[in-house]
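Peer 1: Below is the file final-v5.txt, which contains compact mmCIF, C-alpha atoms.
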```txt
# COMPACT_ATOMS: atom_id res chain seq x y z
CA MET A 1 239.14 -88.57 -46.83
CA LYS A 2 236.15 -87.73 -48.97
CA GLY A 3 233.54 -85.23 -47.81
CA ILE A 4 230.88 -87.92 -47.71
CA GLU A 5 233.04 -90.02 -45.36
CA ALA A 6 233.17 -87.09 -42.96
CA PHE A 7 229.38 -87.08 -42.78
CA GLN A 8 229.33 -90.87 -42.37
CA GLU A 9 231.41 -90.34 -39.23
CA LEU A 10 229.38 -87.39 -37.93
CA LEU A 11 225.77 -88.46 -38.49
CA PRO A 12 225.71 -91.47 -36.10
CA LEU A 13 226.91 -89.16 -33.32
CA LEU A 14 223.86 -86.89 -33.55
CA LYS A 15 220.92 -87.32 -31.19
CA ASP A 16 218.04 -84.84 -31.28
CA GLU A 17 220.06 -81.66 -31.82
CA PRO A 18 218.87 -79.05 -34.29
CA VAL A 19 221.42 -78.99 -37.13
CA THR A 20 221.68 -76.17 -39.66
CA LEU A 21 223.20 -77.29 -42.97
CA ALA A 22 224.86 -75.09 -45.57
CA ASN A 23 223.41 -75.06 -49.06
CA GLY A 24 224.70 -77.14 -51.95
CA PHE A 25 226.45 -80.44 -51.54
CA ILE A 26 226.40 -80.36 -47.73
CA SER A 27 222.61 -80.32 -47.53
CA ARG A 28 222.24 -82.76 -50.41
CA GLN A 29 224.77 -85.28 -49.16
CA VAL A 30 223.39 -85.33 -45.64
CA TYR A 31 219.80 -85.51 -46.91
CA ASN A 32 220.68 -88.54 -49.03
CA LEU A 33 222.69 -90.24 -46.28
CA GLU A 34 220.20 -89.75 -43.46
CA ASP A 35 217.25 -87.39 -43.45
CA ARG A 36 216.38 -86.06 -39.96
CA GLU A 37 213.53 -83.83 -38.85
CA GLY A 38 216.03 -81.70 -36.94
CA ASN A 39 217.96 -80.84 -40.11
CA PHE A 40 217.49 -77.34 -41.48
CA TYR A 41 218.45 -77.73 -45.12
CA MET A 42 219.34 -74.20 -46.18
CA ILE A 43 218.69 -74.45 -49.89
CA GLY A 44 219.46 -70.80 -50.73
CA SER A 45 220.94 -67.83 -48.84
CA MET A 46 224.55 -68.95 -49.19
CA GLY A 47 226.72 -67.82 -46.30
CA LEU A 48 223.95 -67.74 -43.73
CA ALA A 49 224.11 -71.24 -42.20
CA SER A 50 226.37 -69.85 -39.47
CA SER A 51 224.13 -66.90 -38.59
CA ILE A 52 221.01 -69.11 -38.64
CA GLY A 53 222.71 -71.64 -36.34
CA LEU A 54 223.78 -68.78 -34.05
CA GLY A 55 220.18 -67.55 -33.88
CA VAL A 56 219.00 -71.04 -32.91
CA ALA A 57 221.72 -71.28 -30.23
CA LEU A 58 220.76 -67.91 -28.70
CA ALA A 59 217.05 -68.72 -28.77
CA GLN A 60 217.50 -72.17 -27.24
CA PRO A 61 220.40 -71.92 -24.77
CA ASP A 62 219.67 -75.34 -23.24
CA LYS A 63 220.07 -77.22 -26.53
CA LYS A 64 223.18 -77.78 -28.62
CA SER A 65 222.87 -75.98 -31.94
CA VAL A 66 225.05 -77.68 -34.55
CA ILE A 67 226.09 -76.13 -37.87
CA PHE A 68 227.38 -78.20 -40.79
CA ASP A 69 229.07 -75.56 -42.88
CA GLY A 70 231.33 -75.46 -45.91
CA ASP A 71 234.45 -73.50 -46.76
CA GLY A 72 232.69 -71.43 -49.42
CA ASN A 73 229.97 -70.45 -46.97
CA VAL A 74 232.43 -69.58 -44.20
CA LEU A 75 234.57 -67.47 -46.53
CA MET A 76 231.48 -65.62 -47.75
CA ALA A 77 230.43 -64.75 -44.20
CA MET A 78 233.68 -64.59 -42.28
CA GLY A 79 232.31 -61.74 -40.21
CA THR A 80 229.75 -64.12 -38.76
CA LEU A 81 232.62 -65.95 -37.01
CA ALA A 82 233.17 -62.70 -35.13
CA MET A 83 229.47 -62.51 -34.26
CA ILE A 84 229.59 -66.06 -32.91
CA SER A 85 232.71 -65.37 -30.86
CA ALA A 86 231.28 -62.12 -29.50
CA ALA A 87 227.92 -63.64 -28.58
CA ALA A 88 229.83 -66.67 -27.23
CA PRO A 89 226.97 -69.18 -26.97
CA LYS A 90 228.23 -72.16 -24.97
CA ASN A 91 225.82 -74.42 -26.85
CA LEU A 92 227.06 -73.87 -30.40
CA VAL A 93 229.14 -76.41 -32.35
CA HIS A 94 230.33 -75.22 -35.76
CA VAL A 95 231.61 -77.97 -38.05
CA VAL A 96 233.16 -76.99 -41.37
CA VAL A 97 233.75 -79.61 -44.04
CA ASP A 98 236.48 -77.94 -46.06
CA ASN A 99 237.05 -79.39 -49.53
CA GLU A 100 238.68 -76.20 -50.83
CA ALA A 101 236.06 -76.01 -53.56
CA TYR A 102 232.66 -74.71 -54.57
CA GLU A 103 231.73 -78.28 -55.21
CA SER A 104 228.09 -77.96 -56.25
CA THR A 105 228.91 -75.49 -59.01
CA GLY A 106 231.74 -77.49 -60.61
CA LYS A 107 234.60 -77.65 -58.09
CA GLN A 108 235.93 -74.16 -58.62
CA ALA A 109 238.62 -73.39 -56.06
CA THR A 110 237.75 -71.39 -52.95
CA LEU A 111 240.55 -69.72 -50.96
CA SER A 112 240.82 -72.28 -48.20
CA ASN A 113 243.83 -73.98 -49.78
CA LYS A 114 245.69 -70.80 -48.72
CA ILE A 115 243.61 -69.58 -45.79
CA GLN A 116 243.43 -71.81 -42.73
CA LEU A 117 239.86 -71.50 -41.52
CA ASP A 118 240.62 -73.06 -38.12
CA GLU A 119 243.18 -70.29 -37.55
CA VAL A 120 240.58 -67.72 -38.53
CA ALA A 121 238.14 -69.21 -35.99
CA ARG A 122 240.85 -69.25 -33.32
CA GLY A 123 241.74 -65.65 -34.17
CA THR A 124 238.16 -64.45 -33.75
CA GLY A 125 238.03 -66.09 -30.33
CA TYR A 126 236.26 -69.46 -30.47
CA PRO A 127 237.40 -71.00 -27.17
CA LEU A 128 237.79 -74.50 -28.62
CA VAL A 129 239.06 -75.12 -32.16
CA MET A 130 239.91 -78.54 -33.54
CA ARG A 131 241.09 -79.89 -36.87
CA ALA A 132 240.61 -83.35 -38.39
CA GLU A 133 242.47 -84.55 -41.44
CA LYS A 134 241.79 -88.27 -41.00
CA LYS A 135 238.47 -90.02 -40.69
CA GLU A 136 239.38 -91.51 -37.32
CA GLU A 137 239.96 -88.05 -35.85
CA ILE A 138 236.42 -86.84 -36.53
CA GLY A 139 234.45 -88.84 -33.94
CA PRO A 140 236.63 -87.98 -30.92
CA ALA A 141 236.89 -84.32 -31.94
CA PHE A 142 233.15 -83.94 -32.47
CA LYS A 143 232.36 -85.68 -29.16
CA LYS A 144 234.77 -83.41 -27.34
CA LEU A 145 233.13 -80.33 -28.84
CA MET A 146 229.65 -81.60 -27.96
CA ASP A 147 230.75 -82.18 -24.36
CA SER A 148 232.62 -78.87 -23.90
CA PRO A 149 231.42 -75.30 -23.42
CA GLY A 150 231.49 -73.58 -26.79
CA PRO A 151 231.33 -72.02 -29.18
CA GLY A 152 233.40 -74.84 -30.65
CA PHE A 153 234.81 -75.14 -34.14
CA LEU A 154 235.84 -78.29 -36.01
CA LEU A 155 237.59 -78.01 -39.35
CA ILE A 156 237.50 -81.23 -41.37
CA LYS A 157 239.81 -81.23 -44.37
CA ALA A 158 238.20 -83.37 -47.08
CA GLU A 159 238.36 -84.09 -50.78
CA PRO A 160 235.48 -83.26 -53.06
CA SER A 161 233.24 -86.29 -53.48
CA PHE A 162 229.90 -85.02 -54.61
CA ASP A 163 227.92 -87.35 -56.80
CA SER A 164 225.63 -85.07 -58.79
CA SER A 165 223.19 -87.93 -59.31
CA MET A 166 222.36 -87.50 -55.62
CA GLY A 167 218.94 -85.94 -55.54
CA ARG A 168 218.00 -82.57 -54.20
CA VAL A 169 216.13 -82.19 -50.93
CA HIS A 170 212.54 -83.13 -51.69
CA HIS A 171 210.76 -81.49 -48.76
CA THR A 172 209.26 -78.08 -49.46
CA PRO A 173 210.90 -75.15 -47.65
CA GLU A 174 207.85 -74.82 -45.38
CA GLU A 175 208.02 -78.52 -44.49
CA ILE A 176 211.71 -78.13 -43.66
CA ARG A 177 210.88 -75.15 -41.42
CA ASP A 178 208.05 -76.94 -39.59
CA ARG A 179 210.04 -80.12 -38.93
CA PHE A 180 213.05 -78.15 -37.78
CA MET A 181 211.05 -75.82 -35.52
CA LYS A 182 209.40 -78.80 -33.85
CA VAL A 183 212.80 -80.23 -32.92
CA ALA A 184 214.42 -76.86 -32.11
CA THR A 185 211.62 -75.80 -29.74
CA ALA A 186 210.84 -79.22 -28.18
CA LYS A 187 210.81 -79.14 -24.37
CA MET B 1 208.35 -37.73 -32.94
CA LEU B 2 208.03 -41.14 -31.30
CA ASP B 3 209.58 -41.90 -27.93
CA SER B 4 212.13 -44.71 -28.28
CA LYS B 5 211.39 -46.17 -24.86
CA SER B 6 207.64 -46.31 -25.43
CA PHE B 7 208.12 -47.82 -28.87
CA VAL B 8 210.46 -50.54 -27.60
CA ASP B 9 208.03 -51.26 -24.73
CA ARG B 10 205.30 -51.54 -27.28
CA LEU B 11 207.28 -54.00 -29.41
CA ARG B 12 207.98 -56.06 -26.32
CA SER B 13 204.36 -56.18 -25.29
CA ALA B 14 203.49 -57.27 -28.84
CA GLY B 15 205.72 -60.30 -28.22
CA PHE B 16 208.97 -59.30 -29.93
CA ASP B 17 211.77 -60.75 -27.83
CA PHE B 18 214.86 -60.85 -30.07
CA TYR B 19 216.58 -57.81 -31.59
CA ALA B 20 219.49 -57.62 -34.02
CA GLY B 21 220.81 -55.31 -36.65
CA VAL B 22 223.33 -52.92 -38.09
CA PRO B 23 223.05 -49.30 -36.89
CA CYS B 24 221.88 -46.16 -38.61
CA SER B 25 221.98 -42.69 -37.05
CA LEU B 26 218.22 -42.40 -37.64
CA LEU B 27 217.72 -45.47 -35.44
CA SER B 28 220.39 -44.60 -32.87
CA GLY B 29 217.92 -43.66 -30.14
CA LEU B 30 216.04 -46.93 -30.58
CA ILE B 31 219.23 -49.02 -30.57
CA ALA B 32 220.60 -47.17 -27.51
CA ARG B 33 217.36 -48.02 -25.75
CA MET B 34 217.72 -51.70 -26.66
CA GLU B 35 221.38 -51.83 -25.69
CA SER B 36 220.70 -50.30 -22.29
CA ASP B 37 217.92 -52.70 -21.40
CA ALA B 38 219.05 -56.13 -20.21
CA ASP B 39 215.56 -57.54 -20.80
CA VAL B 40 215.74 -56.72 -24.50
CA PRO B 41 218.67 -58.61 -25.96
CA TYR B 42 220.14 -56.69 -28.89
CA TYR B 43 222.77 -58.47 -30.99
CA PRO B 44 224.98 -56.33 -33.21
CA ALA B 45 225.48 -57.91 -36.63
CA VAL B 46 228.43 -57.35 -38.97
CA ARG B 47 226.25 -57.14 -42.07
CA GLU B 48 222.56 -56.85 -42.66
CA ASP B 49 222.27 -60.24 -44.36
CA ALA B 50 223.94 -61.89 -41.36
CA ALA B 51 221.31 -60.19 -39.20
CA VAL B 52 218.60 -61.65 -41.46
CA GLY B 53 220.07 -65.13 -40.89
CA LEU B 54 220.41 -64.53 -37.16
CA CYS B 55 216.78 -63.45 -36.86
CA ALA B 56 215.63 -66.42 -38.98
CA GLY B 57 217.44 -68.84 -36.66
CA ALA B 58 216.02 -67.11 -33.61
CA TYR B 59 212.51 -67.37 -35.05
CA MET B 60 212.90 -71.08 -35.67
CA GLY B 61 214.18 -71.38 -32.11
CA GLY B 62 210.93 -69.89 -30.83
CA LYS B 63 211.65 -66.14 -30.71
CA LEU B 64 209.86 -63.29 -32.44
CA PRO B 65 212.60 -61.16 -34.00
CA VAL B 66 213.06 -57.51 -34.93
CA LEU B 67 215.77 -56.51 -37.41
CA LEU B 68 217.09 -52.94 -37.52
CA MET B 69 218.97 -51.62 -40.53
CA GLN B 70 219.66 -48.64 -42.73
CA ASN B 71 218.15 -48.96 -46.21
CA SER B 72 221.68 -49.31 -47.59
CA GLY B 73 221.54 -52.81 -46.09
CA LEU B 74 218.54 -53.77 -48.18
CA GLY B 75 220.75 -54.54 -51.17
CA TYR B 76 222.96 -56.83 -49.13
CA SER B 77 219.89 -58.56 -47.74
CA LEU B 78 217.87 -59.19 -50.88
CA ASN B 79 219.13 -62.71 -51.50
CA ALA B 80 218.63 -63.56 -47.85
CA PHE B 81 215.04 -62.30 -47.92
CA THR B 82 214.14 -63.90 -51.26
CA SER B 83 215.84 -67.27 -50.82
CA LEU B 84 215.31 -67.69 -47.08
CA ASN B 85 212.46 -65.71 -45.47
CA LEU B 86 210.11 -65.57 -48.45
CA ILE B 87 210.35 -69.23 -49.47
CA TYR B 88 210.47 -70.85 -46.00
CA LYS B 89 207.94 -68.31 -44.71
CA ILE B 90 210.10 -67.04 -41.87
CA PRO B 91 208.81 -63.72 -40.56
CA VAL B 92 210.73 -60.79 -39.12
CA LEU B 93 209.77 -57.21 -38.32
CA VAL B 94 212.25 -55.02 -40.17
CA ILE B 95 212.76 -51.45 -38.96
CA MET B 96 214.53 -49.75 -41.85
CA SER B 97 215.71 -46.16 -41.90
CA TRP B 98 214.80 -44.35 -45.10
CA ARG B 99 217.96 -42.45 -45.91
CA GLY B 100 217.84 -40.39 -49.10
CA CYS B 101 214.08 -39.92 -48.87
CA GLY B 102 212.99 -36.98 -51.02
CA GLY B 103 216.46 -36.63 -52.53
CA LYS B 104 217.86 -34.65 -49.61
CA ASP B 105 220.77 -36.52 -48.10
CA ALA B 106 224.43 -37.38 -48.69
CA PRO B 107 225.14 -38.55 -52.26
CA GLU B 108 225.54 -42.22 -51.33
CA HIS B 109 221.94 -42.35 -50.10
CA ILE B 110 220.16 -40.63 -52.97
CA ILE B 111 219.58 -43.57 -55.33
CA MET B 112 218.58 -46.05 -52.64
CA GLY B 113 216.33 -43.39 -51.13
CA ARG B 114 214.59 -43.06 -54.48
CA ILE B 115 214.23 -46.78 -55.23
CA ASN B 116 213.68 -48.02 -51.66
CA GLU B 117 209.93 -48.56 -52.00
CA GLN B 118 210.18 -49.96 -55.54
CA LEU B 119 212.83 -52.42 -54.42
CA LEU B 120 210.64 -53.67 -51.58
CA GLU B 121 207.65 -53.96 -53.91
CA THR B 122 209.64 -55.76 -56.60
CA SER B 123 210.95 -58.16 -53.98
CA GLU B 124 207.39 -58.87 -52.80
CA MET B 125 208.16 -57.47 -49.36
CA ASP B 126 205.24 -55.76 -47.67
CA TYR B 127 206.02 -52.45 -45.93
CA ALA B 128 204.62 -49.22 -44.56
CA GLU B 129 206.07 -45.91 -43.52
CA LEU B 130 205.92 -45.53 -39.75
CA THR B 131 204.86 -42.06 -38.62
CA ASP B 132 204.02 -40.57 -35.26
CA GLU B 133 200.33 -40.86 -36.11
CA ASN B 134 199.92 -44.33 -37.56
CA GLN B 135 201.73 -46.72 -35.22
CA ASP B 136 198.57 -48.57 -34.13
CA GLU B 137 197.51 -49.19 -37.69
CA VAL B 138 200.89 -50.19 -39.14
CA LEU B 139 201.78 -52.43 -36.22
CA GLU B 140 198.46 -54.19 -36.63
CA ARG B 141 199.22 -54.71 -40.33
CA ALA B 142 202.72 -55.93 -39.48
CA MET B 143 201.47 -58.39 -36.85
CA LYS B 144 198.94 -59.79 -39.29
CA LYS B 145 201.62 -60.33 -41.93
CA ILE B 146 204.00 -61.88 -39.40
CA LYS B 147 201.53 -64.08 -37.51
CA GLU B 148 199.13 -65.10 -40.26
CA GLU B 149 201.23 -65.18 -43.43
CA ARG B 150 204.54 -65.71 -41.60
CA LEU B 151 206.27 -63.20 -43.85
CA PRO B 152 208.53 -60.23 -43.13
CA PHE B 153 207.07 -56.75 -42.74
CA THR B 154 209.14 -53.59 -43.05
CA LEU B 155 208.57 -50.30 -41.24
CA LEU B 156 210.26 -47.42 -43.05
CA VAL B 157 211.52 -44.71 -40.71
CA LYS B 158 212.27 -41.19 -41.93
CA LYS B 159 214.72 -38.82 -40.30
CA GLY B 160 213.35 -37.20 -37.17
CA LEU B 161 210.87 -39.92 -36.16
CA PHE B 162 213.09 -41.20 -33.34
CA ASP B 163 215.66 -39.34 -31.27
CA GLU B 164 219.26 -39.51 -32.47
CA ARG B 165 222.34 -40.04 -30.32
CA HIS B 166 225.32 -38.49 -32.01
```
Translate the structure described by the file into structure tokens.

Peer 2:
Amino acid sequence: MKGIEAFQELLPLLKDEPVTLANGFISRQVYNLEDREGNFYMIGSMGLASSIGLGVALAQPDKKSVIFDGDGNVLMAMGTLAMISAAAPKNLVHVVVDNEAYESTGKQATLSNKIQLDEVARGTGYPLVMRAEKKEEIGPAFKKLMDSPGPGFLLIKAEPSFDSSMGRVHHTPEEIRDRFMKVATAK
Amino acid sequence: MLDSKSFVDRLRSAGFDFYAGVPCSLLSGLIARMESDADVPYYPAVREDAAVGLCAGAYMGGKLPVLLMQNSGLGYSLNAFTSLNLIYKIPVLVIMSWRGCGGKDAPEHIIMGRINEQLLETSEMDYAELTDENQDEVLERAMKKIKEERLPFTLLVKKGLFDERH
């Protein structure tokens, strides 16, 4: 399965949830597939998608806060998995598309070919951890996480598929913030 | 000296309702106050940059955040501040202990103590030293920066300003 196919499975399952997206190919692919006001495209600050999504979840306990993360980001901020497990927000769903590469910078290898990130999440104490290696497994796993008390973790093993002709996010950072805040704080 | 309880009450009445950070002995009285008060949620972070992200998410979820850290965490946080808070205009009140101020401290704090202000200025981060005489004035400046420009504001705290618990 290619990374982009994982997003093609996930995006139709979203409703009006605030979604925090890791920088690089994850933000760019999702932006080009389907731009949503509730998407926080994190264009810099690598590693922080998980802590930003945790902040949203704690501030808005009645909404699901979804994170679309990457293996490079998770490895950079592995301690944040411990923060998520310790804070234990029931409304957090952490999806990691793991292509074992820093794809946006030229597919250099990360460490996730050797380190199983779902085992790391389980070890830190996420109550529900799932893994999808086939496209068909993504929808049911994601639905289960969205319907269960979290924090939940879904590891999707994917192949790199980034098309660098895909444009960058065109909204300004302040526009991204305003759109996202409107969705995240909506009654 | 400032009283930790009064200062936390003051932050709360100014609207700050989300607290996170990494401890410093100089801020230990303040953090103990936050930890003991169920109405003031304090979230311990593993690293200062993760606390920056946490506060940014909380802000976008409708909270007004305060971030506590030692100045040793400023280095870890610079990319977070410059490529998240400063470009998206996501404010946070940073309470940063000024270890190494005046060159009198353990060796690991001396250089950061010396360059602390320069580093904030170079990074285009507005700040002021908090003292027991200027809290009205600096909090007013901080609120203006946070509410009007939607940018972070840092309060530098020297040893002895708050009580210590160790």

Peer 1: Got a sec to pull out which chain A residues are within 7 Å of chain B, counting all atoms listed in the file, and send them as number ranges by chain?

Peer 2: A: 44-45, 48, 51-56, 58-60, 79-80, 83, 173-174, 177, 181, 184-185

Peer 1: Could you give me, as a list in words, the residues within 7 Å of Met96 of chain B, counting all atoms listed in the file and dropping anything in the same chain fewer than 2 positions from it?

Peer 2: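 Neighbouring residues, sequence-local ones excluded: Leu68, Met69, Gln70, Asn71, Val94, Trp98, Thr154, Leu155, Leu156 and Val157 of chain B.
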
Peer 1: My list of candidates is A:Asn73, A:Thr124, A:Gln108, A:Asn23. Which is closest to Val96 of chain A when distances are computed with all atoms listed in the file?

Peer 2: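 Residue with the minimum atom-to-atom distance to Val96 of chain A: A:Asn73.
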
Peer 1: Which residues, written as a ChimeraX atom specification, have at least one atom at most 10 Å from Lys145 of chain B, with all atoms listed in the file counted and residues fewer than 4 positions away on the same chain left out?

Peer 2: /B:91-93,126-127,139-141,149-153

Peer 1: Dump C-alpha atoms for the selected residues as a PDB file, in the frame of the given file?

Peer 2:
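Ended up saving to result16.pdb:
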```pdb
ATOM      1  CA  PRO B  91     208.810 -63.720 -40.560  1.00  0.00           C
ATOM      2  CA  VAL B  92     210.730 -60.790 -39.120  1.00  0.00           C
ATOM      3  CA  LEU B  93     209.770 -57.210 -38.320  1.00  0.00           C
ATOM      4  CA  ASP B 126     205.240 -55.760 -47.670  1.00  0.00           C
ATOM      5  CA  TYR B 127     206.020 -52.450 -45.930  1.00  0.00           C
ATOM      6  CA  LEU B 139     201.780 -52.430 -36.220  1.00  0.00           C
ATOM      7  CA  GLU B 140     198.460 -54.190 -36.630  1.00  0.00           C
ATOM      8  CA  ARG B 141     199.220 -54.710 -40.330  1.00  0.00           C
ATOM      9  CA  GLU B 149     201.230 -65.180 -43.430  1.00  0.00           C
ATOM     10  CA  ARG B 150     204.540 -65.710 -41.600  1.00  0.00           C
ATOM     11  CA  LEU B 151     206.270 -63.200 -43.850  1.00  0.00           C
ATOM     12  CA  PRO B 152     208.530 -60.230 -43.130  1.00  0.00           C
ATOM     13  CA  PHE B 153     207.070 -56.750 -42.740  1.00  0.00           C
TER      14      PHE B 153
END
```

Peer 1: Can you measure atom CA of Ser85 of chain A to atom CA of Phe68 of chain A for me? One decimal in Å is fine.

Peer 2: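 Value for the atom CA of Ser85 of chain A-atom CA of Phe68 of chain A distance: 17.1 Å.
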
Peer 1: Please measure the separation of atom CA of Glu175 of chain A and atom CA of Leu81 of chain A, giving the value in Å to one decimal.

Peer 2: 28.6 Å

Peer 1: Go ahead and compute the interatomic distance for atom CA of Ile67 of chain A and atom CA of Gly73 of chain B, in Å to one decimal.

Peer 2: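 Going from atom CA of Ile67 of chain A over to atom CA of Gly73 of chain B, I get 25.1 Å.
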
Peer 1: Find the residues near Met146 of chain A: any atom within 9 Å, counting all atoms listed in the file, skip ones fewer than 5 places away on the same chain, and give them as a PyMOL selection string.

Peer 2: chain A and resi 64+66+91-93+141+152

Peer 1: Excluding Gln29 of chain A and any residue of its chain fewer than 4 positions from it, enumerate the residues within 8 Å of it, using only C-alpha atoms, and give them as an NGL selection string.

Peer 2: :A and (4 or 25 or 33 or 162 or 166)

Peer 1: Need the axis-aligned box for segment 125-138 of chain A with 3 Å each side, so what are the centre and edges in Å to one decimal, as lines of an AutoDock Vina configuration file?

Peer 2:
```
center_x = 239.4
center_y = -78.8
center_z = -34.3
size_x = 12.2
size_y = 31.4
size_z = 20.3
```

Peer 1: Restricting the calculation to only C-alpha atoms: of B:Ser72, B:Gly160, B:Asp3, B:Thr131, which residue gets closest to Met112 of chain B?

Peer 2: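 Going through B:Ser72, B:Gly160, B:Asp3, B:Thr131 one by one, the smallest distance to Met112 of chain B is for B:Ser72.
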
Peer 1: Please tell me which residues are no farther than 12 Å from (228.7, -73.1, -45.1) in the file, counting all atoms listed in the file, and write them as a PyMOL selection string.

Peer 2: chain A and resi 20-27+41-53+67-78+80-81+94-103+117+155

Peer 1: Find the residues around Leu26 of chain B up to 9 Å (only C-alpha atoms counted), leave out those fewer than 4 positions away in its own chain, and share them as a ChimeraX atom specification.

Peer 2: /B:30,70,97-99,157-165

Peer 1: Complete the atoms of segment 142-161 of chain A to N, CA and C atoms and put them out as a tab-separated table (two decimals), keeping the file's coordinate frame.

Peer 2:
```tsv
chain	number	residue	atom	x	y	z
A	142	PHE	N	234.55	-84.40	-32.53
A	142	PHE	CA	233.15	-83.94	-32.47
A	142	PHE	C	232.57	-84.20	-31.08
A	143	LYS	N	232.88	-85.37	-30.51
A	143	LYS	CA	232.36	-85.68	-29.16
A	143	LYS	C	232.91	-84.69	-28.14
A	144	LYS	N	234.18	-84.36	-28.28
A	144	LYS	CA	234.77	-83.41	-27.34
A	144	LYS	C	234.07	-82.04	-27.44
A	145	LEU	N	233.81	-81.62	-28.67
A	145	LEU	CA	233.13	-80.33	-28.84
A	145	LEU	C	231.72	-80.37	-28.27
A	146	MET	N	231.03	-81.49	-28.46
A	146	MET	CA	229.65	-81.60	-27.96
A	146	MET	C	229.61	-81.63	-26.44
A	147	ASP	N	230.71	-82.08	-25.82
A	147	ASP	CA	230.75	-82.18	-24.36
A	147	ASP	C	231.40	-80.97	-23.70
A	148	SER	N	231.88	-80.01	-24.47
A	148	SER	CA	232.62	-78.87	-23.90
A	148	SER	C	231.81	-77.59	-24.07
A	149	PRO	N	232.06	-76.59	-23.19
A	149	PRO	CA	231.42	-75.30	-23.42
A	149	PRO	C	231.96	-74.65	-24.69
A	150	GLY	N	231.08	-74.16	-25.51
A	150	GLY	CA	231.49	-73.58	-26.79
A	150	GLY	C	231.54	-72.07	-26.72
A	151	PRO	N	231.50	-71.43	-27.86
A	151	PRO	CA	231.33	-72.02	-29.18
A	151	PRO	C	232.57	-72.82	-29.61
A	152	GLY	N	232.32	-74.00	-30.17
A	152	GLY	CA	233.40	-74.84	-30.65
A	152	GLY	C	233.43	-74.90	-32.16
A	153	PHE	N	234.62	-75.15	-32.68
A	153	PHE	CA	234.81	-75.14	-34.14
A	153	PHE	C	235.60	-76.38	-34.52
A	154	LEU	N	235.11	-77.12	-35.49
A	154	LEU	CA	235.84	-78.29	-36.01
A	154	LEU	C	236.04	-78.14	-37.51
A	155	LEU	N	237.28	-78.07	-37.91
A	155	LEU	CA	237.59	-78.01	-39.35
A	155	LEU	C	237.95	-79.42	-39.81
A	156	ILE	N	237.21	-79.91	-40.80
A	156	ILE	CA	237.50	-81.23	-41.37
A	156	ILE	C	238.00	-81.03	-42.80
A	157	LYS	N	239.26	-81.37	-43.03
A	157	LYS	CA	239.81	-81.23	-44.37
A	157	LYS	C	239.41	-82.46	-45.19
A	158	ALA	N	238.74	-82.25	-46.30
A	158	ALA	CA	238.20	-83.37	-47.08
A	158	ALA	C	238.42	-83.14	-48.57
A	159	GLU	N	238.28	-84.22	-49.32
A	159	GLU	CA	238.36	-84.09	-50.78
A	159	GLU	C	236.95	-84.01	-51.34
A	160	PRO	N	236.81	-83.31	-52.44
A	160	PRO	CA	235.48	-83.26	-53.06
A	160	PRO	C	235.01	-84.67	-53.41
A	161	SER	N	233.74	-84.93	-53.23
A	161	SER	CA	233.24	-86.29	-53.48
A	161	SER	C	231.79	-86.27	-53.92
```
